[in-house]
file run-v2.txt (compact mmCIF, C-alpha atoms)
# COMPACT_ATOMS: atom_id res chain seq x y z
CA MET A 1 0.00 0.00 0.00
CA ARG A 2 2.80 2.42 0.84
CA GLU A 3 4.85 1.95 -2.29
CA PRO A 4 2.37 3.19 -4.95
CA ARG A 5 1.57 6.27 -2.83
CA ARG A 6 5.18 7.26 -2.57
CA THR A 7 5.62 6.89 -6.32
CA THR A 8 2.68 9.21 -6.92
CA THR A 9 4.15 11.91 -4.67
CA ARG A 10 7.49 11.77 -6.41
CA ARG A 11 5.99 11.88 -9.85
CA ASP A 12 3.87 14.92 -8.89
CA LEU A 13 6.91 16.79 -7.62
CA ASN A 14 8.89 15.95 -10.72
CA ARG A 15 6.14 17.15 -12.97
CA ARG A 16 6.02 20.44 -11.10
CA ASP A 17 9.77 20.78 -11.33
CA ILE A 18 9.77 20.28 -15.05
CA LEU A 19 7.21 23.05 -15.32
CA ILE A 20 9.24 25.54 -13.35
CA ALA A 21 12.83 24.60 -14.05
CA SER A 22 15.17 22.64 -16.28
CA GLY A 23 15.48 18.90 -16.59
CA THR A 24 18.62 18.85 -14.45
CA CYS A 25 16.73 20.49 -11.60
CA ALA A 26 14.07 17.80 -11.83
CA LEU A 27 16.67 15.06 -11.58
CA ALA A 28 18.25 16.73 -8.55
CA ALA A 29 14.83 17.03 -6.93
CA SER A 30 14.06 13.35 -7.20
CA LEU A 31 17.48 12.50 -5.75
CA ASP A 32 16.91 14.92 -2.87
CA LEU A 33 13.58 13.38 -2.12
CA VAL A 34 15.09 9.91 -1.74
CA ALA A 35 17.58 11.33 0.75
CA VAL A 36 14.88 13.20 2.68
CA ILE A 37 12.67 10.14 3.02
CA ALA A 38 15.62 8.23 4.47
CA GLN A 39 16.61 10.82 7.09
CA GLU A 40 14.72 13.05 9.50
CA LYS A 41 16.17 16.49 10.15
CA PRO A 42 14.85 19.17 12.53
CA ALA A 43 12.30 21.39 10.82
CA GLU A 44 13.69 24.86 11.44
CA ILE A 45 17.41 25.36 10.96
CA LYS A 46 18.81 28.67 12.19
CA PRO A 47 21.90 29.35 10.04
CA PRO A 48 21.27 29.67 6.31
CA VAL A 49 22.26 26.12 5.41
CA PRO A 50 22.06 25.76 1.65
CA GLU A 51 19.10 23.50 1.04
CA THR A 52 16.70 23.09 -1.83
CA TRP A 53 13.05 24.05 -1.43
CA GLN A 54 12.17 20.42 -2.09
CA THR A 55 14.24 19.36 0.93
CA ALA A 56 12.79 22.14 3.09
CA LEU A 57 9.26 21.11 2.12
CA ARG A 58 9.86 17.42 2.76
CA ASN A 59 11.43 18.20 6.15
CA ILE A 60 7.99 19.45 7.17
CA THR A 61 5.68 17.03 5.39
CA GLY A 62 7.75 13.85 5.55
CA ASP A 63 6.25 11.23 3.28
CA ALA A 64 2.73 12.71 3.35
CA LYS A 65 0.83 13.26 0.14
CA LEU A 66 0.17 16.90 -0.70
CA ILE A 67 -3.35 17.90 -1.70
CA GLU A 68 -3.29 20.70 -4.24
CA GLY A 69 -5.52 23.74 -3.89
CA ARG A 70 -7.77 25.00 -1.07
CA ILE A 71 -5.21 27.75 -0.30
CA ALA A 72 -6.05 31.06 -1.91
CA MET A 73 -2.79 32.88 -2.67
CA ASP A 74 -3.04 36.60 -3.25
CA LEU A 75 0.29 37.71 -4.67
CA PRO A 76 1.15 40.22 -7.39
CA GLU A 77 1.73 38.71 -10.82
CA ILE A 78 4.51 41.23 -11.33
CA ALA A 79 6.42 42.53 -8.30
CA GLU A 80 8.34 45.69 -9.14
CA ASN A 81 10.34 45.59 -5.90
CA GLY A 82 11.50 42.18 -4.75
CA ASN A 83 12.29 43.60 -1.31
CA VAL A 84 8.63 44.09 -0.49
CA VAL A 85 6.22 41.63 -2.07
CA PRO A 86 2.85 41.64 -0.29
CA PHE A 87 1.09 38.33 0.11
CA THR A 88 -2.19 37.06 1.56
CA LEU A 89 -2.90 33.39 2.15
CA VAL A 90 -6.36 32.12 3.03
CA VAL A 91 -7.07 28.47 3.72
CA ASP A 92 -10.60 27.15 3.29
CA SER A 93 -11.41 25.70 6.75
CA PRO A 94 -14.31 25.84 9.26
CA MET A 95 -11.76 26.65 12.04
CA THR A 96 -13.57 24.74 14.80
CA ALA A 97 -11.91 22.83 17.65
CA GLN A 98 -12.47 19.64 15.61
CA ALA A 99 -11.17 20.86 12.25
CA PHE A 100 -8.79 23.79 11.95
CA VAL A 101 -5.62 24.81 10.17
CA ARG A 102 -2.57 24.38 12.39
CA SER A 103 -0.13 26.33 10.26
CA VAL A 104 0.66 27.84 6.91
CA ARG A 105 4.21 28.01 5.62
CA VAL A 106 5.53 30.01 2.70
CA PHE A 107 8.39 28.71 0.57
CA SER A 108 10.46 30.43 -2.08
CA THR A 109 11.84 28.30 -4.91
CA ALA A 110 14.72 30.66 -5.81
CA ASN A 111 15.76 32.58 -2.68
CA PRO A 112 18.98 31.72 -0.78
CA GLN A 113 16.79 30.22 1.94
CA PRO A 114 13.63 28.39 0.91
CA LEU A 115 11.45 28.81 4.02
CA ILE A 116 10.14 32.38 4.32
CA GLY A 117 7.85 32.08 7.32
CA THR A 118 5.60 29.90 9.42
CA PHE A 119 2.21 31.17 10.58
CA ARG A 120 0.42 29.19 13.29
CA PHE A 121 -3.28 29.34 14.03
CA THR A 122 -5.59 28.00 16.71
CA ALA A 123 -9.31 27.27 16.61
CA GLU A 124 -9.72 30.74 18.22
CA SER A 125 -8.25 32.33 15.09
CA GLY A 126 -11.68 32.06 13.48
CA LYS A 127 -10.20 32.34 10.00
CA ALA A 128 -7.01 30.78 8.63
CA ALA A 129 -5.75 33.87 6.88
CA VAL A 130 -2.47 35.75 7.06
CA SER A 131 -0.98 38.70 5.23
CA SER A 132 2.59 39.92 5.32
CA ARG A 133 5.38 40.99 2.97
CA MET A 134 8.25 38.91 1.65
CA ARG A 135 11.54 39.27 -0.16
CA LEU A 136 11.96 37.56 -3.51
CA ALA A 137 15.43 37.39 -5.08
CA LYS A 138 14.12 36.89 -8.63
CA THR A 139 11.19 35.67 -10.70
CA GLN A 140 10.03 32.38 -9.24
CA ASP A 141 7.24 30.20 -7.92
CA VAL A 142 6.05 30.80 -4.36
CA ILE A 143 4.63 27.77 -2.56
CA ALA A 144 2.14 27.81 0.32
CA LEU A 145 1.87 24.72 2.51
CA ALA A 146 -0.92 24.30 5.05
CA GLU A 147 -1.02 21.70 7.81
CA LEU A 148 -4.52 20.78 8.99
CA SER A 149 -5.47 19.55 12.47
CA ASP A 150 -5.99 16.01 11.11
CA GLY A 151 -2.42 15.95 9.77
CA THR A 152 -3.35 16.54 6.12
CA PHE A 153 -1.13 18.84 4.05
CA LEU A 154 -2.42 21.22 1.39
CA ALA A 155 -0.16 22.96 -1.10
CA SER A 156 -0.60 25.73 -3.67
CA GLN A 157 1.83 27.64 -5.81
CA LYS A 158 1.94 30.88 -7.71
CA ASN A 159 4.46 32.41 -10.05
CA VAL A 160 5.66 35.94 -9.35
CA LYS A 161 7.67 37.94 -11.86
CA VAL A 162 10.20 40.12 -10.06
CA THR A 163 11.54 43.24 -11.79
CA ILE A 164 14.17 44.23 -9.19
CA GLY A 165 15.29 41.41 -6.89
CA GLY A 166 15.30 41.63 -3.11
CA CYS A 167 17.59 39.93 -0.58
CA GLY A 168 20.24 42.67 -0.60
CA GLY A 169 23.34 41.90 -2.67
CA MET B 1 12.53 48.25 17.26
CA ASN B 2 10.24 51.23 17.63
CA LYS B 3 6.86 51.30 19.23
CA PRO B 4 4.72 48.95 17.17
CA ARG B 5 1.47 49.97 15.53
CA ILE B 6 -1.67 47.91 16.08
CA ARG B 7 -4.95 48.30 14.26
CA LEU B 8 -8.20 46.74 15.49
CA PRO B 9 -11.77 47.33 14.33
CA GLU B 10 -13.50 50.09 16.29
CA VAL B 11 -16.83 48.37 16.92
CA VAL B 12 -16.72 44.70 17.88
CA LYS B 13 -19.42 42.19 18.89
CA VAL B 14 -19.00 38.80 20.58
CA GLY B 15 -18.55 36.10 17.93
CA ASP B 16 -17.21 38.49 15.27
CA ILE B 17 -14.16 37.38 13.36
CA ILE B 18 -11.95 40.45 13.44
CA GLU B 19 -8.81 41.33 11.53
CA ILE B 20 -5.79 42.41 13.58
CA LYS B 21 -3.03 44.33 11.83
CA THR B 22 0.42 44.90 13.32
CA LEU B 23 3.45 46.77 12.04
CA ILE B 24 6.84 47.19 13.67
CA SER B 25 10.03 48.82 12.41
CA HIS B 26 12.99 46.46 12.19
CA VAL B 27 15.87 46.17 9.70
CA MET B 28 15.36 42.37 9.30
CA GLU B 29 19.04 41.91 8.38
CA THR B 30 19.21 38.68 6.38
CA GLY B 31 22.76 37.56 7.22
CA GLN B 32 23.41 37.23 3.46
CA ARG B 33 24.43 40.84 2.82
CA LYS B 34 28.06 42.04 2.80
CA ASP B 35 29.20 45.47 4.01
CA THR B 36 31.63 47.75 2.11
CA ASP B 37 34.63 45.83 3.55
CA GLY B 38 33.24 42.58 2.18
CA LYS B 39 32.36 41.24 5.61
CA THR B 40 29.04 39.51 6.08
CA VAL B 41 26.59 41.57 8.10
CA PRO B 42 25.36 39.26 10.88
CA ARG B 43 21.76 38.16 10.74
CA ASN B 44 19.32 40.06 12.93
CA ILE B 45 15.69 39.45 12.22
CA ILE B 46 12.56 39.28 14.32
CA SER B 47 12.30 35.53 14.53
CA VAL B 48 9.13 35.15 16.59
CA PHE B 49 5.86 37.06 16.89
CA GLN B 50 3.11 35.93 19.26
CA ALA B 51 -0.41 37.17 19.87
CA THR B 52 -2.50 36.12 22.85
CA PHE B 53 -5.92 37.24 24.04
CA ASN B 54 -6.61 36.97 27.79
CA GLY B 55 -3.57 34.70 27.95
CA ARG B 56 -4.81 32.26 25.29
CA PRO B 57 -2.72 31.91 22.12
CA VAL B 58 -4.41 33.29 19.01
CA PHE B 59 -1.66 33.43 16.41
CA GLN B 60 2.08 32.93 16.10
CA ALA B 61 4.52 33.72 13.31
CA GLU B 62 8.07 32.46 12.89
CA PHE B 63 9.94 34.64 10.44
CA GLN B 64 12.92 33.69 8.30
CA PRO B 65 15.15 36.21 6.47
CA GLY B 66 12.73 36.12 3.53
CA ILE B 67 10.31 38.39 5.42
CA SER B 68 10.66 42.07 4.43
CA ALA B 69 12.04 44.80 6.68
CA ASN B 70 9.52 46.44 9.02
CA PRO B 71 7.38 43.31 9.16
CA PHE B 72 3.66 43.77 8.71
CA LEU B 73 1.17 41.11 9.76
CA SER B 74 -2.54 40.68 9.43
CA PHE B 75 -4.40 37.80 11.09
CA HIS B 76 -7.81 37.04 12.59
CA MET B 77 -9.56 36.16 15.84
CA ARG B 78 -13.08 35.08 16.77
CA VAL B 79 -14.04 37.50 19.58
CA PRO B 80 -14.91 35.62 22.82
CA GLY B 81 -15.69 38.85 24.73
CA SER B 82 -13.84 41.85 26.10
CA GLY B 83 -10.24 41.38 27.08
CA GLU B 84 -6.64 42.25 26.48
CA PHE B 85 -4.35 41.41 23.60
CA GLU B 86 -0.68 40.86 24.22
CA PHE B 87 1.62 41.07 21.21
CA THR B 88 5.28 40.03 21.52
CA TRP B 89 8.13 40.46 19.02
CA ILE B 90 11.56 38.90 19.69
CA ASP B 91 14.63 39.45 17.48
CA ASP B 92 17.95 37.59 17.10
CA ALA B 93 19.71 40.13 19.36
CA GLY B 94 17.31 39.16 22.16
CA VAL B 95 15.37 42.43 22.03
CA LYS B 96 11.78 41.83 23.08
CA VAL B 97 8.91 44.24 22.50
CA ILE B 98 5.60 43.64 24.24
CA GLU B 99 2.49 45.66 23.41
CA ARG B 100 -0.85 45.30 25.20
CA THR B 101 -4.13 46.48 23.71
CA ARG B 102 -7.58 46.40 25.26
CA LEU B 103 -10.55 45.13 23.23
CA THR B 104 -14.01 46.08 24.45
CA VAL B 105 -17.09 44.51 22.92
CA ALA B 106 -20.16 46.60 22.22
call {"tool": "encode", "arguments": {"input": "run-v2.txt", "output": "structure tokens"}}
result
Amino acid sequence: MREPRRTTTRRDLNRRDILIASGTCALAASLDLVAVIAQEKPAEIKPPVPETWQTALRNITGDAKLIEGRIAMDLPEIAENGNVVPFTLVVDSPMTAQAFVRSVRVFSTANPQPLIGTFRFTAESGKAAVSSRMRLAKTQDVIALAELSDGTFLASQKNVKVTIGGCGG
Amino acid sequence: MNKPRIRLPEVVKVGDIIEIKTLISHVMETGQRKDTDGKTVPRNIISVFQATFNGRPVFQAEFQPGISANPFLSFHMRVPGSGEFEFTWIDDAGVKVIERTRLTVA
């Protein structure tokens, strides 16, 4: 039962990679994923350890299957200033004590550090929505990952074209 | 970090889901930037933000260097009644800013 599920997850990730990057990137991603499944690392690492967004994502989700959609991502299609890119994430959830969104994470696919932020909710939040502003080094896909109270993971992505990159330099 | 700015709706009823907006000034130094001598500027970002209402956690954010300078946040709460918000920001240098705001229901 486990084996076909894992294959599906890997194929989905590869397909996404091919869409956003070159074939070499896709190969690297599938190799990374094998390594991540084998080892468990702590979720949040303080120093900027070079890691791929695929690794960062899998450090959170483990082997779990990602359900696409159900996260509304409000991001500009074209960001003129990569230093300040506003974003709003809203997860479709009743937000009751029985079923709520535990957290939403934002990942960059082309910044020096993939994880941008973690936003944690409780049933008292009433609405699983967060707005803030992020730095984007260049044109890339931004990924939102939501963890539900039953352990399910949702993921959405959106491409943002960046005119002037952020992250200093 | 300067005195943070908090915005809450003016009229609130029990059971409303309200939007809370916070803004604080902070350089959010990424730790990736180099100064004019070519030395890396050490990282100093607000790493944790917490919001509680009458002592109960409502929302928490853990920032990484990818969050812009002067971090802005907007989040929500279902109003259980009157009470006090406590907002806490902590940066890498250990500086902690705590702001308390009263919420009174109509």
call {"tool": "closest_residue", "arguments": {"input": "run-v2.txt", "among": "B:Thr52, B:Ile46, B:Leu73, B:Thr40", "to": "B:Arg102", "atoms": "all atoms listed in the file"}}
result
B:Thr52
call {"tool": "atom_distance", "arguments": {"input": "run-v2.txt", "atom1": "atom CA of B:His76", "atom2": "atom CA of B:Lys3"}}
result
21.5 Å
call {"tool": "residues_around", "arguments": {"input": "run-v2.txt", "residues": "A:Pro114", "least_positions_apart": "5", "cutoff": "8 Å", "atoms": "all atoms listed in the file", "output": "ChimeraX atom specification"}}
result
/A:51-53,56,107-109
call {"tool": "atom_distance", "arguments": {"input": "run-v2.txt", "atom1": "atom CA of B:Glu19", "atom2": "atom CA of B:Phe75"}}
result
5.7 Å
call {"tool": "interface_residues", "arguments": {"input": "run-v2.txt", "of": "chain A", "to": "chain B", "cutoff": "7 Å", "atoms": "only C-alpha atoms", "output": "number ranges by chain"}}
result
A: 83-84, 115-122, 124-127, 129-135, 168-169
call {"tool": "residues_around", "arguments": {"input": "run-v2.txt", "residues": "stretch 148-151 of chain A", "least_positions_apart": "4", "cutoff": "8 Å", "atoms": "all atoms listed in the file", "output": "ChimeraX atom specification"}}
result
/A:98-103
call {"tool": "atom_distance", "arguments": {"input": "run-v2.txt", "atom1": "atom CA of A:Met95", "atom2": "atom CA of B:Val12"}}
result
19.6 Å
call {"tool": "residues_around", "arguments": {"input": "run-v2.txt", "residues": "B:Ser82", "least_positions_apart": "6", "cutoff": "7 Å", "atoms": "all atoms listed in the file", "output": "ChimeraX atom specification"}}
result
/B:103-105
call {"tool": "closest_residue", "arguments": {"input": "run-v2.txt", "among": "A:Val160, A:Ser93, A:Gly166, A:Arg58", "to": "A:Pro112", "atoms": "only C-alpha atoms"}}
result
A:Gly166
call {"tool": "closest_residue", "arguments": {"input": "run-v2.txt", "among": "B:Glu84, B:Arg7, B:Gly38, B:His26", "to": "B:Val97", "atoms": "all atoms listed in the file"}}
result
B:His26
call {"tool": "closest_residue", "arguments": {"input": "run-v2.txt", "among": "B:Ile24, B:Ile45, B:Phe87, B:Thr101", "to": "B:Leu8", "atoms": "all atoms listed in the file"}}
result
B:Thr101
call {"tool": "closest_residue", "arguments": {"input": "run-v2.txt", "among": "B:Lys13, B:Glu99, B:Ala51, B:Asp92", "to": "B:Met28", "atoms": "all atoms listed in the file"}}
result
B:Asp92
call {"tool": "closest_residue", "arguments": {"input": "run-v2.txt", "among": "B:Val27, B:Val11, B:Ile6, B:Asn44", "to": "B:Glu86", "atoms": "all atoms listed in the file"}}
result
B:Ile6
call {"tool": "decode", "arguments": {"input": "run-v2.txt", "residues": "stretch 69-105 of chain B", "atoms": "N, CA and C atoms", "output": "mmCIF file, in the first residue's frame"}}
result
data_model
loop_
_atom_site.group_PDB
_atom_site.id
_atom_site.type_symbol
_atom_site.label_atom_id
_atom_site.label_comp_id
_atom_site.auth_asym_id
_atom_site.auth_seq_id
_atom_site.Cartn_x
_atom_site.Cartn_y
_atom_site.Cartn_z
ATOM 1 N N ALA B 69 11.772 43.883 5.572
ATOM 2 C CA ALA B 69 12.041 44.795 6.678
ATOM 3 C C ALA B 69 10.729 45.425 7.152
ATOM 4 N N ASN B 70 10.707 45.843 8.397
ATOM 5 C CA ASN B 70 9.518 46.437 9.016
ATOM 6 C C ASN B 70 8.309 45.511 8.859
ATOM 7 N N PRO B 71 8.395 44.327 9.453
ATOM 8 C CA PRO B 71 7.381 43.307 9.165
ATOM 9 C C PRO B 71 5.959 43.720 9.545
ATOM 10 N N PHE B 72 5.090 43.534 8.565
ATOM 11 C CA PHE B 72 3.662 43.772 8.705
ATOM 12 C C PHE B 72 2.982 42.411 8.828
ATOM 13 N N LEU B 73 1.955 42.345 9.643
ATOM 14 C CA LEU B 73 1.175 41.114 9.763
ATOM 15 C C LEU B 73 -0.296 41.452 9.847
ATOM 16 N N SER B 74 -1.096 40.599 9.249
ATOM 17 C CA SER B 74 -2.538 40.676 9.429
ATOM 18 C C SER B 74 -3.019 39.261 9.696
ATOM 19 N N PHE B 75 -3.848 39.110 10.745
ATOM 20 C CA PHE B 75 -4.400 37.801 11.085
ATOM 21 C C PHE B 75 -5.760 38.021 11.736
ATOM 22 N N HIS B 76 -6.422 36.934 12.134
ATOM 23 C CA HIS B 76 -7.813 37.044 12.590
ATOM 24 C C HIS B 76 -8.026 36.398 13.952
ATOM 25 N N MET B 77 -9.159 36.794 14.587
ATOM 26 C CA MET B 77 -9.564 36.158 15.838
ATOM 27 C C MET B 77 -11.084 36.194 15.941
ATOM 28 N N ARG B 78 -11.651 35.102 16.458
ATOM 29 C CA ARG B 78 -13.078 35.078 16.769
ATOM 30 C C ARG B 78 -13.224 35.660 18.173
ATOM 31 N N VAL B 79 -13.996 36.747 18.322
ATOM 32 C CA VAL B 79 -14.035 37.501 19.582
ATOM 33 C C VAL B 79 -14.841 36.732 20.642
ATOM 34 N N PRO B 80 -14.181 36.323 21.761
ATOM 35 C CA PRO B 80 -14.912 35.624 22.823
ATOM 36 C C PRO B 80 -15.560 36.589 23.814
ATOM 37 N N GLY B 81 -15.181 37.848 23.796
ATOM 38 C CA GLY B 81 -15.686 38.846 24.734
ATOM 39 C C GLY B 81 -14.632 39.923 24.895
ATOM 40 N N SER B 82 -14.837 40.800 25.862
ATOM 41 C CA SER B 82 -13.837 41.849 26.101
ATOM 42 C C SER B 82 -12.584 41.213 26.697
ATOM 43 N N GLY B 83 -11.475 41.909 26.518
ATOM 44 C CA GLY B 83 -10.242 41.380 27.083
ATOM 45 C C GLY B 83 -9.048 42.157 26.598
ATOM 46 N N GLU B 84 -7.874 41.554 26.820
ATOM 47 C CA GLU B 84 -6.637 42.247 26.480
ATOM 48 C C GLU B 84 -5.777 41.390 25.560
ATOM 49 N N PHE B 85 -5.326 42.022 24.483
ATOM 50 C CA PHE B 85 -4.347 41.408 23.596
ATOM 51 C C PHE B 85 -2.953 41.625 24.156
ATOM 52 N N GLU B 86 -2.099 40.640 23.970
ATOM 53 C CA GLU B 86 -0.680 40.860 24.223
ATOM 54 C C GLU B 86 0.076 40.416 22.976
ATOM 55 N N PHE B 87 0.831 41.343 22.409
ATOM 56 C CA PHE B 87 1.622 41.070 21.210
ATOM 57 C C PHE B 87 3.101 41.109 21.587
ATOM 58 N N THR B 88 3.862 40.119 21.166
ATOM 59 C CA THR B 88 5.281 40.031 21.517
ATOM 60 C C THR B 88 6.119 39.814 20.261
ATOM 61 N N TRP B 89 7.154 40.617 20.104
ATOM 62 C CA TRP B 89 8.128 40.458 19.018
ATOM 63 C C TRP B 89 9.493 40.180 19.658
ATOM 64 N N ILE B 90 10.229 39.195 19.165
ATOM 65 C CA ILE B 90 11.562 38.896 19.686
ATOM 66 C C ILE B 90 12.529 38.806 18.510
ATOM 67 N N ASP B 91 13.670 39.528 18.582
ATOM 68 C CA ASP B 91 14.632 39.450 17.481
ATOM 69 C C ASP B 91 15.863 38.639 17.881
ATOM 70 N N ASP B 92 16.764 38.434 16.894
ATOM 71 C CA ASP B 92 17.948 37.594 17.104
ATOM 72 C C ASP B 92 18.871 38.168 18.173
ATOM 73 N N ALA B 93 18.860 39.492 18.353
ATOM 74 C CA ALA B 93 19.708 40.131 19.362
ATOM 75 C C ALA B 93 19.095 39.989 20.762
ATOM 76 N N GLY B 94 17.949 39.375 20.856
ATOM 77 C CA GLY B 94 17.307 39.164 22.160
ATOM 78 C C GLY B 94 16.406 40.306 22.580
ATOM 79 N N VAL B 95 16.257 41.305 21.704
ATOM 80 C CA VAL B 95 15.373 42.425 22.028
ATOM 81 C C VAL B 95 13.925 41.950 21.944
ATOM 82 N N LYS B 96 13.164 42.301 22.992
ATOM 83 C CA LYS B 96 11.783 41.831 23.082
ATOM 84 C C LYS B 96 10.870 43.042 23.241
ATOM 85 N N VAL B 97 9.884 43.148 22.401
ATOM 86 C CA VAL B 97 8.914 44.237 22.503
ATOM 87 C C VAL B 97 7.551 43.626 22.811
ATOM 88 N N ILE B 98 6.927 44.135 23.873
ATOM 89 C CA ILE B 98 5.597 43.643 24.242
ATOM 90 C C ILE B 98 4.630 44.808 24.195
ATOM 91 N N GLU B 99 3.506 44.613 23.525
ATOM 92 C CA GLU B 99 2.490 45.657 23.411
ATOM 93 C C GLU B 99 1.152 45.065 23.859
ATOM 94 N N ARG B 100 0.455 45.791 24.734
ATOM 95 C CA ARG B 100 -0.848 45.299 25.197
ATOM 96 C C ARG B 100 -1.935 46.252 24.722
ATOM 97 N N THR B 101 -3.017 45.674 24.220
ATOM 98 C CA THR B 101 -4.127 46.485 23.710
ATOM 99 C C THR B 101 -5.433 45.916 24.235
ATOM 100 N N ARG B 102 -6.289 46.791 24.696
ATOM 101 C CA ARG B 102 -7.581 46.395 25.258
ATOM 102 C C ARG B 102 -8.607 46.291 24.119
ATOM 103 N N LEU B 103 -9.448 45.273 24.184
ATOM 104 C CA LEU B 103 -10.547 45.130 23.229
ATOM 105 C C LEU B 103 -11.843 45.090 24.027
ATOM 106 N N THR B 104 -12.742 46.014 23.727
ATOM 107 C CA THR B 104 -14.014 46.078 24.449
ATOM 108 C C THR B 104 -15.151 45.819 23.483
ATOM 109 N N VAL B 105 -15.978 44.831 23.818
ATOM 110 C CA VAL B 105 -17.087 44.510 22.917
ATOM 111 C C VAL B 105 -18.264 45.450 23.169
#
